[in-house]
Each structure stands twice: as structure tokens, then as C-alpha cells.
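Novice: mmCIF, C-alpha atoms, saved as input39.cif, coming up:
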```cif
data_start
#
loop_
_atom_site.label_atom_id
_atom_site.label_comp_id
_atom_site.auth_asym_id
_atom_site.auth_seq_id
_atom_site.Cartn_x
_atom_site.Cartn_y
_atom_site.Cartn_z
CA GLY U 1492 10.47 13.24 20.11
CA ILE U 1493 7.37 13.99 22.17
CA PHE U 1494 4.16 15.80 21.40
CA LYS U 1495 0.77 16.54 22.88
CA CYS U 1496 -1.74 13.98 21.67
CA GLU U 1497 -5.43 14.56 21.26
CA GLY U 1498 -6.22 11.15 19.82
CA ILE U 1499 -8.86 8.64 20.79
CA GLY U 1500 -8.95 8.16 24.53
CA GLU U 1501 -5.59 9.88 25.01
CA GLU U 1502 -6.65 13.53 25.25
CA ASP U 1503 -4.17 16.08 26.53
CA GLN U 1504 -1.44 13.56 27.29
CA ILE U 1505 2.20 13.96 26.35
CA MET U 1506 3.16 11.10 24.05
CA LYS U 1507 6.38 9.89 22.49
CA ILE U 1508 6.42 9.33 18.76
CA LYS U 1509 7.82 6.29 17.00
CA TRP U 1510 8.36 5.48 13.33
CA LYS U 1511 7.77 1.97 12.05
CA TYR U 1512 8.16 0.40 8.62
CA CYS U 1513 4.86 -0.76 7.15
CA PRO U 1514 4.87 -3.44 4.43
CA PHE U 1515 1.33 -2.52 3.34
CA SER U 1516 -0.20 0.39 1.46
CA ILE U 1517 -3.74 1.74 1.16
CA HIS U 1518 -4.18 -0.76 -1.68
CA ASP U 1519 -3.98 -3.57 0.89
CA THR U 1520 -7.00 -2.44 2.91
CA ASP U 1521 -7.67 -5.52 5.05
CA TYR U 1522 -4.01 -6.19 5.79
CA LEU U 1523 -3.22 -2.57 6.62
CA GLN U 1524 -6.17 -2.49 9.02
CA PHE U 1525 -5.03 -5.73 10.66
CA TRP U 1526 -1.45 -4.44 10.94
CA LEU U 1527 -2.56 -1.16 12.55
CA GLU U 1528 -4.82 -3.01 14.99
CA ASP U 1529 -1.96 -5.32 15.92
CA CYS U 1530 0.29 -2.28 16.51
CA SER U 1531 -2.31 -0.81 18.90
CA LYS U 1532 -2.05 -3.98 21.01
CA GLN U 1533 1.66 -3.18 21.29
CA GLY U 1534 0.96 0.37 22.45
CA LEU U 1535 1.50 2.03 19.05
CA PHE U 1536 -1.30 4.23 17.71
CA LEU U 1537 -1.32 5.91 14.32
CA SER U 1538 -0.85 9.66 14.63
CA GLY U 1539 -2.47 12.39 12.57
CA SER U 1540 0.70 12.64 10.46
CA GLY U 1541 -0.07 9.21 9.03
CA PHE U 1542 2.58 7.89 6.66
CA VAL U 1543 5.76 9.15 5.02
CA GLY U 1544 6.47 6.70 2.23
CA PRO U 1545 6.46 3.17 3.71
CA PHE U 1546 6.95 4.47 7.27
CA ALA U 1547 4.08 5.06 9.70
CA ARG U 1548 4.23 7.65 12.48
CA PHE U 1549 2.83 6.38 15.77
CA TYR U 1550 2.41 7.77 19.25
CA THR U 1551 3.01 5.44 22.19
CA ALA U 1552 0.50 4.77 24.95
CA SER U 1553 -0.83 1.90 27.02
CA PRO U 1554 -1.73 -1.06 24.78
CA LYS U 1555 -5.43 -1.44 24.03
CA ALA U 1556 -7.72 -2.79 21.34
CA MET U 1557 -8.30 -0.34 18.51
CA ARG U 1558 -10.27 -0.86 15.31
CA TYR U 1559 -9.04 0.79 12.10
CA ARG U 1560 -10.76 1.24 8.76
CA VAL U 1561 -9.19 2.46 5.52
CA ILE U 1562 -11.73 4.06 3.19
CA SER U 1563 -11.11 5.49 -0.27
CA ALA U 1564 -14.62 5.25 -1.73
CA LEU U 1565 -17.72 6.60 -0.03
CA PRO U 1566 -21.31 6.86 -1.26
CA LYS U 1567 -22.00 10.29 -2.75
CA THR U 1568 -24.40 12.52 -0.84
CA SER U 1569 -25.77 16.00 -1.38
CA ASP U 1570 -23.21 17.14 1.16
CA ASP U 1571 -19.83 15.42 1.15
CA ASN U 1572 -19.37 16.27 4.82
CA GLN U 1573 -22.65 14.55 5.64
CA MET U 1574 -21.24 11.05 5.13
CA VAL U 1575 -18.10 11.87 7.12
CA GLN U 1576 -20.25 13.22 9.95
CA MET U 1577 -22.35 10.04 9.89
CA ILE U 1578 -19.16 7.99 10.31
CA HIS U 1579 -18.10 10.15 13.26
CA ASP U 1580 -21.54 9.89 14.85
CA SER U 1581 -21.40 6.10 14.62
CA GLY U 1582 -18.26 5.99 16.76
CA TRP U 1583 -15.37 6.43 14.31
CA LYS U 1584 -12.74 9.18 14.50
CA SER U 1585 -10.85 10.45 11.47
CA ILE U 1586 -7.12 9.88 12.04
CA CYS U 1587 -5.43 10.95 8.81
CA SER U 1588 -5.53 10.90 5.03
CA VAL U 1589 -3.12 8.86 2.92
CA GLY U 1590 -3.29 9.63 -0.77
CA THR U 1591 -6.94 9.25 -1.75
CA ALA U 1592 -7.82 7.19 1.34
CA ASP U 1593 -8.99 8.22 4.79
CA ILE U 1594 -8.13 6.22 7.90
CA TYR U 1595 -10.63 6.03 10.76
CA ALA U 1596 -10.26 4.45 14.19
CA SER U 1597 -12.56 3.45 17.02
CA THR U 1598 -12.18 1.99 20.50
CA ASN U 1599 -15.80 0.84 20.36
CA SER U 1600 -15.90 -2.85 19.49
CA THR U 1601 -19.58 -2.58 18.57
CA ALA U 1602 -19.35 0.50 16.34
CA PRO U 1603 -21.10 -0.21 13.02
CA GLU U 1604 -18.91 -0.74 10.00
CA PRO U 1605 -18.41 2.42 7.90
CA HIS U 1606 -18.17 0.02 4.94
CA SER U 1607 -21.48 -1.74 5.35
CA ASP U 1608 -22.03 -2.29 1.64
CA PRO U 1609 -19.76 -4.85 -0.10
CA ASP U 1610 -20.32 -2.98 -3.37
CA ILE U 1611 -18.62 0.07 -1.90
CA GLU U 1612 -15.64 -2.07 -0.93
CA ARG U 1613 -15.47 -3.34 -4.50
CA ILE U 1614 -15.33 0.27 -5.69
CA ASP U 1615 -12.23 0.64 -3.51
CA LEU U 1616 -10.67 -2.46 -5.02
CA LYS U 1617 -11.41 -1.40 -8.61
CA ARG U 1618 -9.98 2.07 -8.09
CA MET U 1619 -6.86 0.67 -6.50
CA ALA U 1620 -6.48 -1.87 -9.31
CA VAL U 1621 -6.62 0.94 -11.89
CA ARG U 1622 -3.87 2.84 -10.07
CA LYS U 1623 -1.68 -0.25 -9.94
CA ILE U 1624 -2.19 -0.94 -13.66
CA ILE U 1625 -1.19 2.63 -14.50
CA GLY U 1626 1.88 2.31 -12.27
CA LEU U 1627 2.93 -0.96 -13.93
CA LEU U 1628 2.47 0.53 -17.40
CA LEU U 1629 4.63 3.53 -16.53
CA LEU U 1630 7.26 1.24 -15.05
CA PHE U 1631 7.24 -0.85 -18.22
CA LEU U 1632 7.68 2.24 -20.40
CA ILE U 1633 10.76 3.45 -18.50
CA GLY U 1634 12.14 -0.07 -18.11
CA PRO U 1635 11.75 -2.94 -20.59
CA GLY U 1636 9.71 -0.85 -23.04
CA SER U 1637 12.34 1.83 -23.55
CA HIS U 1638 15.00 -0.85 -23.98
CA ILE U 1639 12.99 -2.62 -26.68
CA LEU U 1640 12.73 0.63 -28.65
CA GLN U 1641 16.40 1.43 -28.14
CA LEU U 1642 17.64 -2.02 -29.20
CA ASN U 1643 15.27 -2.14 -32.16
CA SER U 1644 16.42 1.28 -33.37
CA SER U 1645 20.07 0.23 -33.14
CA ILE U 1646 19.47 -2.97 -35.11
CA MET U 1647 17.37 -1.24 -37.78
CA ALA U 1648 20.00 1.47 -38.19
CA GLY U 1649 22.77 -1.12 -38.40
CA SER U 1650 24.78 0.76 -35.78
CA VAL U 1651 25.16 -1.68 -32.92
CA SER U 1652 27.15 -0.01 -30.13
CA SER U 1653 29.92 -1.52 -28.04
CA TYR U 1654 27.37 -1.68 -25.20
CA TYR U 1655 25.06 -3.98 -27.17
CA LEU U 1656 25.67 -7.12 -25.08
CA PHE U 1657 25.51 -5.07 -21.88
CA ASP U 1658 22.21 -3.55 -22.98
CA ILE U 1659 20.83 -6.99 -23.84
CA SER U 1660 21.78 -8.26 -20.37
CA CYS U 1661 20.09 -5.27 -18.72
CA PHE U 1662 16.99 -5.80 -20.84
CA ILE U 1663 16.74 -9.46 -19.81
CA LEU U 1664 17.12 -8.55 -16.12
CA LEU U 1665 14.51 -5.79 -16.43
CA LEU U 1666 12.09 -8.09 -18.22
CA LEU U 1667 12.47 -10.82 -15.58
CA ALA U 1668 11.94 -8.29 -12.79
CA TYR U 1669 8.86 -6.93 -14.53
CA ILE U 1670 7.37 -10.42 -15.01
CA ILE U 1671 7.86 -11.07 -11.29
CA LEU U 1672 6.14 -7.76 -10.52
CA ILE U 1673 3.12 -8.78 -12.58
CA ALA U 1674 2.95 -12.16 -10.83
CA LEU U 1675 3.10 -10.49 -7.40
CA THR U 1676 0.40 -8.01 -8.44
CA VAL U 1677 -1.94 -10.75 -9.69
CA TYR U 1678 -1.43 -12.61 -6.42
CA GLY U 1679 -2.31 -9.48 -4.48
CA TRP U 1680 -5.52 -8.97 -6.45
CA HIS U 1681 -6.44 -12.61 -5.86
CA ILE U 1682 -6.03 -12.22 -2.10
CA GLN U 1683 -8.01 -8.97 -1.95
CA ASN U 1684 -10.83 -10.42 -4.04
CA LYS U 1685 -10.90 -13.51 -1.81
CA HIS U 1686 -11.70 -11.31 1.21
CA LEU U 1687 -14.64 -9.75 -0.61
CA THR U 1688 -16.11 -12.91 -2.11
CA GLU U 1689 -15.51 -15.35 0.74
CA TYR U 1690 -15.53 -12.84 3.62
CA VAL U 1691 -12.25 -14.28 4.90
CA GLU U 1692 -10.61 -12.07 7.51
CA PRO U 1693 -6.79 -11.90 7.61
CA ASN U 1694 -4.93 -13.60 10.44
CA TYR U 1695 -1.35 -13.34 11.68
CA GLU U 1696 -0.04 -16.05 9.37
CA GLU U 1697 -1.74 -14.66 6.26
CA THR U 1698 -0.71 -11.11 7.12
CA LYS U 1699 2.93 -12.13 7.52
CA LYS U 1700 2.84 -14.06 4.26
CA TYR U 1701 1.21 -11.21 2.38
CA GLY U 1702 3.69 -8.78 3.96
CA ARG U 1703 6.55 -10.79 2.46
CA ASN U 1704 4.77 -10.57 -0.89
CA LYS U 1705 4.54 -6.78 -0.60
CA ASN U 1706 8.20 -6.48 0.43
CA SER U 1707 9.16 -8.59 -2.58
CA PHE U 1708 7.15 -6.25 -4.81
CA ARG U 1709 8.94 -3.19 -3.45
CA PHE U 1710 12.30 -4.94 -3.78
CA MET U 1711 11.66 -5.69 -7.45
CA VAL U 1712 10.63 -2.08 -8.13
CA CYS U 1713 13.88 -0.93 -6.49
CA THR U 1714 15.80 -3.52 -8.53
CA ILE U 1715 14.43 -2.10 -11.79
CA ILE U 1716 15.34 1.44 -10.73
CA VAL U 1717 18.87 0.38 -9.69
CA ILE U 1718 19.45 -1.44 -13.02
CA LEU U 1719 18.39 1.67 -14.94
CA ILE U 1720 20.64 3.92 -12.86
CA VAL U 1721 23.68 1.61 -13.13
CA GLN U 1722 23.18 1.24 -16.88
CA SER U 1723 22.98 5.02 -17.32
CA ILE U 1724 26.15 5.55 -15.27
CA ILE U 1725 28.15 2.89 -17.16
CA ARG U 1726 27.06 4.21 -20.56
CA ALA U 1727 28.02 7.74 -19.49
CA LEU U 1728 31.59 6.71 -18.61
#
```
Output the file's structure in the form of C-alpha cells.
Specialist:
Amino acid sequence: GIFKCEGIGEEDQIMKIKWKYCPFSIHDTDYLQFWLEDCSKQGLFLSGSGFVGPFARFYTASPKAMRYRVISALPKTSDDNQMVQMIHDSGWKSICSVGTADIYASTNSTAPEPHSDPDIERIDLKRMAVRKIIGLLLLFLIGPGSHILQLNSSIMAGSVSSYYLFDISCFILLLLAYIILIALTVYGWHIQNKHLTEYVEPNYEETKKYGRNKNSFRFMVCTIIVILIVQSIIRAL
């Protein structure tokens, strides 16, 4: 499709839109920024519609350097709009909101960082870590956790069903998938913390490697969901 774009440096031009899979989320601040900046060099610029699930909506234009910043924690002021206005005045344009984060972009290579205080970046990381922990806990409750309760109840009641071995197999698979999820999550936290403590910027090789890590995480989440669905269908037959 096509639409009229009023983005940075592309005012009043008719642009084509393009969807692209993104391996990163707002939890992967540095890598998402790097990925978006790399897309801009290919002529893809994030539109105001932002993301739908793991897919980003871009408009196409002539390739150029664009800086992106993902911000989910800002210093509190007497007027919440005051900080946003300060960011705009320093050369950054608000592109879209994704969950609790706001994405800004600038064509000015010398525009001051909206995240000038490392402590503010750590607030981002802590908030994102809390959300991931909650997500993993919920996933455990509907996956391995519910199976532990179900199997324990059957054994205690002395009424082991004909699906006992099948349920045990599903539980083992769910537990293995969950352990892998935890390992991938810990690795992700390690990488994010490394950027804040050592001020190491991502490069193409690291971004690609971390992207594979994120895809593996999503695959394991899907695996857990598929196992639960298949088990429910088989038990219902």
C-alpha cells in the first residue's frame, strides 16, 4: 500500500509501506535501535504505526542515516510534557509508542542523547527485567507448574490415568523448554548489562548473534504453547 508520510525529512511525500519481521523487542533497547538504524540505511523508516507483534511497519524512501532511541523511563518533571518537549527541542522527533516505550528518531548526528544519565537507562533495564520475570512466572504456571500439580494430585489420589506416561513425557518436554527459556533470558540480561557497565555498542556481528538468541526464545515459547495445545487435544479425544 501507499500513504502520505509526514516523517522526518520526508514531508508531504507519497510513500510505500513495507512490513518486516523484527527479532528484537523494546526490552532489547540497544539492539532494536541498531536494527532500526540499519534499516534506515536500506531505505526503510519506521512509521507512526510502529509494531504489530514482532512485525515493524516501515515506509520506504531514499536510504539515509537515521538515529533511533527507545525510551521507557524518563525523569519525572512537574509537567510530563515538559520532558518530551525538551527531547523534541534537542532534535528528536517522536515516531511511535510500543507498549510502555516511546521511540524517537533524528537525522541530526550531533543531537544530544535523550538518555544522558546512565541511571535512567538502568531504570529501563530494571523495569524490563521485572516484566520478563512476571512473564516467565506466568508461563511456568500454565506449563510445567500446572503439570506438577496435576501429576501430584493423580498420584496422591491413587487414580493414575491411561495418559500418565503421555503426561510425564509432556511435562519433561515443557520443563526442558522452560529451562532453555531461563538460560536465554539470563544471557539477554548479561548482554544488556554489559552495554551499561562497559559502554560497549552493538555491532553487526553481535546484533546478528543476539537476534538468533531472541528468535530461539520466541521459538521455545511457541514450543511450550504447542505442547499444551496438542496435549489438550489428545486428552479430549
Novice: Give the centre and edge lengths of an axis-aligned box, in Å to one decimal, that holds all listed atoms of stretch 1552-1557 of chain U with 5 Å on each side, as AutoDock Vina command-line options.
Specialist:
```
--center_x -3.9 --center_y 1.0 --center_z 22.8 --size_x 18.8 --size_y 17.6 --size_z 18.5
```
Novice: Grab the atom CA of U:Tyr1654 to atom CA of U:Ile1671 distance for me, in Å with one decimal place.
Specialist: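 Value for the atom CA of U:Tyr1654-atom CA of U:Ile1671 distance: 25.7 Å.
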Novice: Nearest to U:Gly1544 among U:Tyr1701, U:Arg1709, U:Glu1528, U:Ser1644, with distances taken over all atoms listed in the file: which residue is it?
Specialist: U:Arg1709
Novice: Of the candidates U:Cys1713, U:Arg1726, U:Asp1521, U:Leu1719, which shows the shortest atom-to-atom distance to U:Lys1685, using all atoms listed in the file?
Specialist: U:Asp1521
Novice: Specify as a list in words each residue included when the PyMOL selection byres ((chain U and resi 1508-1519) around 6) is applied to this file.
Specialist: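 Here the PyMOL selection byres ((chain U and resi 1508-1519) around 6) matches Gly1492, Ile1493, Lys1507, Thr1520, Asp1521, Tyr1522, Leu1523, Pro1545, Phe1546, Ala1547, Arg1548, Phe1549, Tyr1550, Met1619 and Gly1702 of chain U.
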Novice: Please enumerate the residues selected by the PyMOL selection byres ((chain U and resi 1557) around 10) when evaluated against the supplied file, formatted as a list in words.
Specialist: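 Listing what the PyMOL selection byres ((chain U and resi 1557) around 10) selects in the shown file: Ile1499, Gln1524, Leu1527, Glu1528, Asp1529, Cys1530, Ser1531, Lys1532, Phe1536, Pro1554, Lys1555, Ala1556, Arg1558, Tyr1559, Ala1596, Ser1597, Thr1598, Asn1599 and Ser1600 of chain U.
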Novice: Convert the output of the PyMOL selection byres ((chain U and resi 1693) around 8) on the shown file into explicit residues, formatted as an MDAnalysis selection string.
Specialist: chainID U and resid 1521:1522 1525 1691:1692 1694:1695 1697:1698
Novice: Quick check, in Å to one decimal: how far apart do atom CA of U:Leu1630 and atom CA of U:Leu1665 lie?
Specialist: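 Atom-to-atom, atom CA of U:Leu1630 to atom CA of U:Leu1665, that is 10.2 Å.
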Novice: Select, from U:Tyr1655, U:Phe1662, U:Trp1680, U:Trp1526, the residue with the minimum atom-to-atom distance to U:Ile1639, counting only C-alpha atoms.
Specialist: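 Among U:Tyr1655, U:Phe1662, U:Trp1680, U:Trp1526, it is U:Phe1662 that comes nearest to U:Ile1639.
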Novice: For atom CA of U:Val1712 and atom CA of U:Ser1660, quote the distance in Å rounded to one decimal.
Specialist: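 Interatomic distance here is 17.7 Å.
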Novice: Under the rule that all atoms listed in the file are counted, which of U:Ile1625, U:Ile1673, U:Ile1578, U:Ile1594 is the nearest residue to U:Ser1707?
Specialist: U:Ile1673
Novice: Choose the residue, out of U:Ile1562, U:Ala1620, U:Ile1633, U:Leu1628, that has the smallest atom-to-atom separation from U:Val1575; count only C-alpha atoms.
Specialist: U:Ile1562
Novice: Ranking U:Leu1667, U:Pro1605, U:Asp1593, U:Ala1552 by minimum distance to U:Met1574 and counting only C-alpha atoms, which one comes first?
Specialist: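 Residue with the minimum atom-to-atom distance to U:Met1574: U:Pro1605.
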Novice: Just write stretch 1535-1553 of chain U with N, CA and C atoms, as an mmCIF file, in the first residue's frame, taken from the block above.
Specialist:
```cif
data_model
loop_
_atom_site.group_PDB
_atom_site.id
_atom_site.type_symbol
_atom_site.label_atom_id
_atom_site.label_comp_id
_atom_site.auth_asym_id
_atom_site.auth_seq_id
_atom_site.Cartn_x
_atom_site.Cartn_y
_atom_site.Cartn_z
ATOM 1 N N LEU U 1535 14.421 1.979 4.691
ATOM 2 C CA LEU U 1535 13.226 1.622 5.461
ATOM 3 C C LEU U 1535 13.194 2.451 6.737
ATOM 4 N N PHE U 1536 12.094 3.191 6.929
ATOM 5 C CA PHE U 1536 11.976 4.087 8.075
ATOM 6 C C PHE U 1536 10.706 3.763 8.855
ATOM 7 N N LEU U 1537 10.863 3.600 10.145
ATOM 8 C CA LEU U 1537 9.741 3.213 11.000
ATOM 9 C C LEU U 1537 8.608 4.227 10.889
ATOM 10 N N SER U 1538 7.400 3.728 10.673
ATOM 11 C CA SER U 1538 6.243 4.608 10.529
ATOM 12 C C SER U 1538 5.594 4.855 11.894
ATOM 13 N N GLY U 1539 4.617 5.732 11.901
ATOM 14 C CA GLY U 1539 3.925 6.050 13.146
ATOM 15 C C GLY U 1539 3.100 4.909 13.693
ATOM 16 N N SER U 1540 2.843 3.888 12.855
ATOM 17 C CA SER U 1540 2.079 2.720 13.316
ATOM 18 C C SER U 1540 2.932 1.784 14.158
ATOM 19 N N GLY U 1541 4.243 1.948 14.062
ATOM 20 C CA GLY U 1541 5.152 1.170 14.909
ATOM 21 C C GLY U 1541 5.153 -0.316 14.613
ATOM 22 N N PHE U 1542 4.770 -1.108 15.626
ATOM 23 C CA PHE U 1542 4.859 -2.562 15.545
ATOM 24 C C PHE U 1542 3.498 -3.223 15.751
ATOM 25 N N VAL U 1543 3.325 -4.349 15.069
ATOM 26 C CA VAL U 1543 2.199 -5.244 15.312
ATOM 27 C C VAL U 1543 2.809 -6.596 15.623
ATOM 28 N N GLY U 1544 2.849 -6.943 16.903
ATOM 29 C CA GLY U 1544 3.547 -8.154 17.302
ATOM 30 C C GLY U 1544 5.027 -8.020 16.983
ATOM 31 N N PRO U 1545 5.623 -9.033 16.356
ATOM 32 C CA PRO U 1545 7.056 -8.953 16.014
ATOM 33 C C PRO U 1545 7.322 -8.288 14.664
ATOM 34 N N PHE U 1546 6.304 -7.705 14.059
ATOM 35 C CA PHE U 1546 6.469 -7.100 12.734
ATOM 36 C C PHE U 1546 6.436 -5.578 12.824
ATOM 37 N N ALA U 1547 7.418 -4.949 12.155
ATOM 38 C CA ALA U 1547 7.514 -3.488 12.141
ATOM 39 C C ALA U 1547 6.968 -2.957 10.824
ATOM 40 N N ARG U 1548 6.298 -1.823 10.909
ATOM 41 C CA ARG U 1548 5.717 -1.188 9.712
ATOM 42 C C ARG U 1548 6.613 -0.019 9.308
ATOM 43 N N PHE U 1549 7.178 -0.108 8.114
ATOM 44 C CA PHE U 1549 8.090 0.911 7.611
ATOM 45 C C PHE U 1549 7.472 1.641 6.423
ATOM 46 N N TYR U 1550 7.989 2.831 6.159
ATOM 47 C CA TYR U 1550 7.743 3.463 4.865
ATOM 48 C C TYR U 1550 9.081 3.514 4.138
ATOM 49 N N THR U 1551 9.027 3.434 2.826
ATOM 50 C CA THR U 1551 10.252 3.395 2.022
ATOM 51 C C THR U 1551 10.593 4.782 1.495
ATOM 52 N N ALA U 1552 11.868 5.072 1.471
ATOM 53 C CA ALA U 1552 12.377 6.344 0.957
ATOM 54 C C ALA U 1552 13.846 6.153 0.617
ATOM 55 N N SER U 1553 14.491 7.212 0.172
ATOM 56 C CA SER U 1553 15.913 7.121 -0.151
ATOM 57 C C SER U 1553 16.714 6.808 1.105
#
```
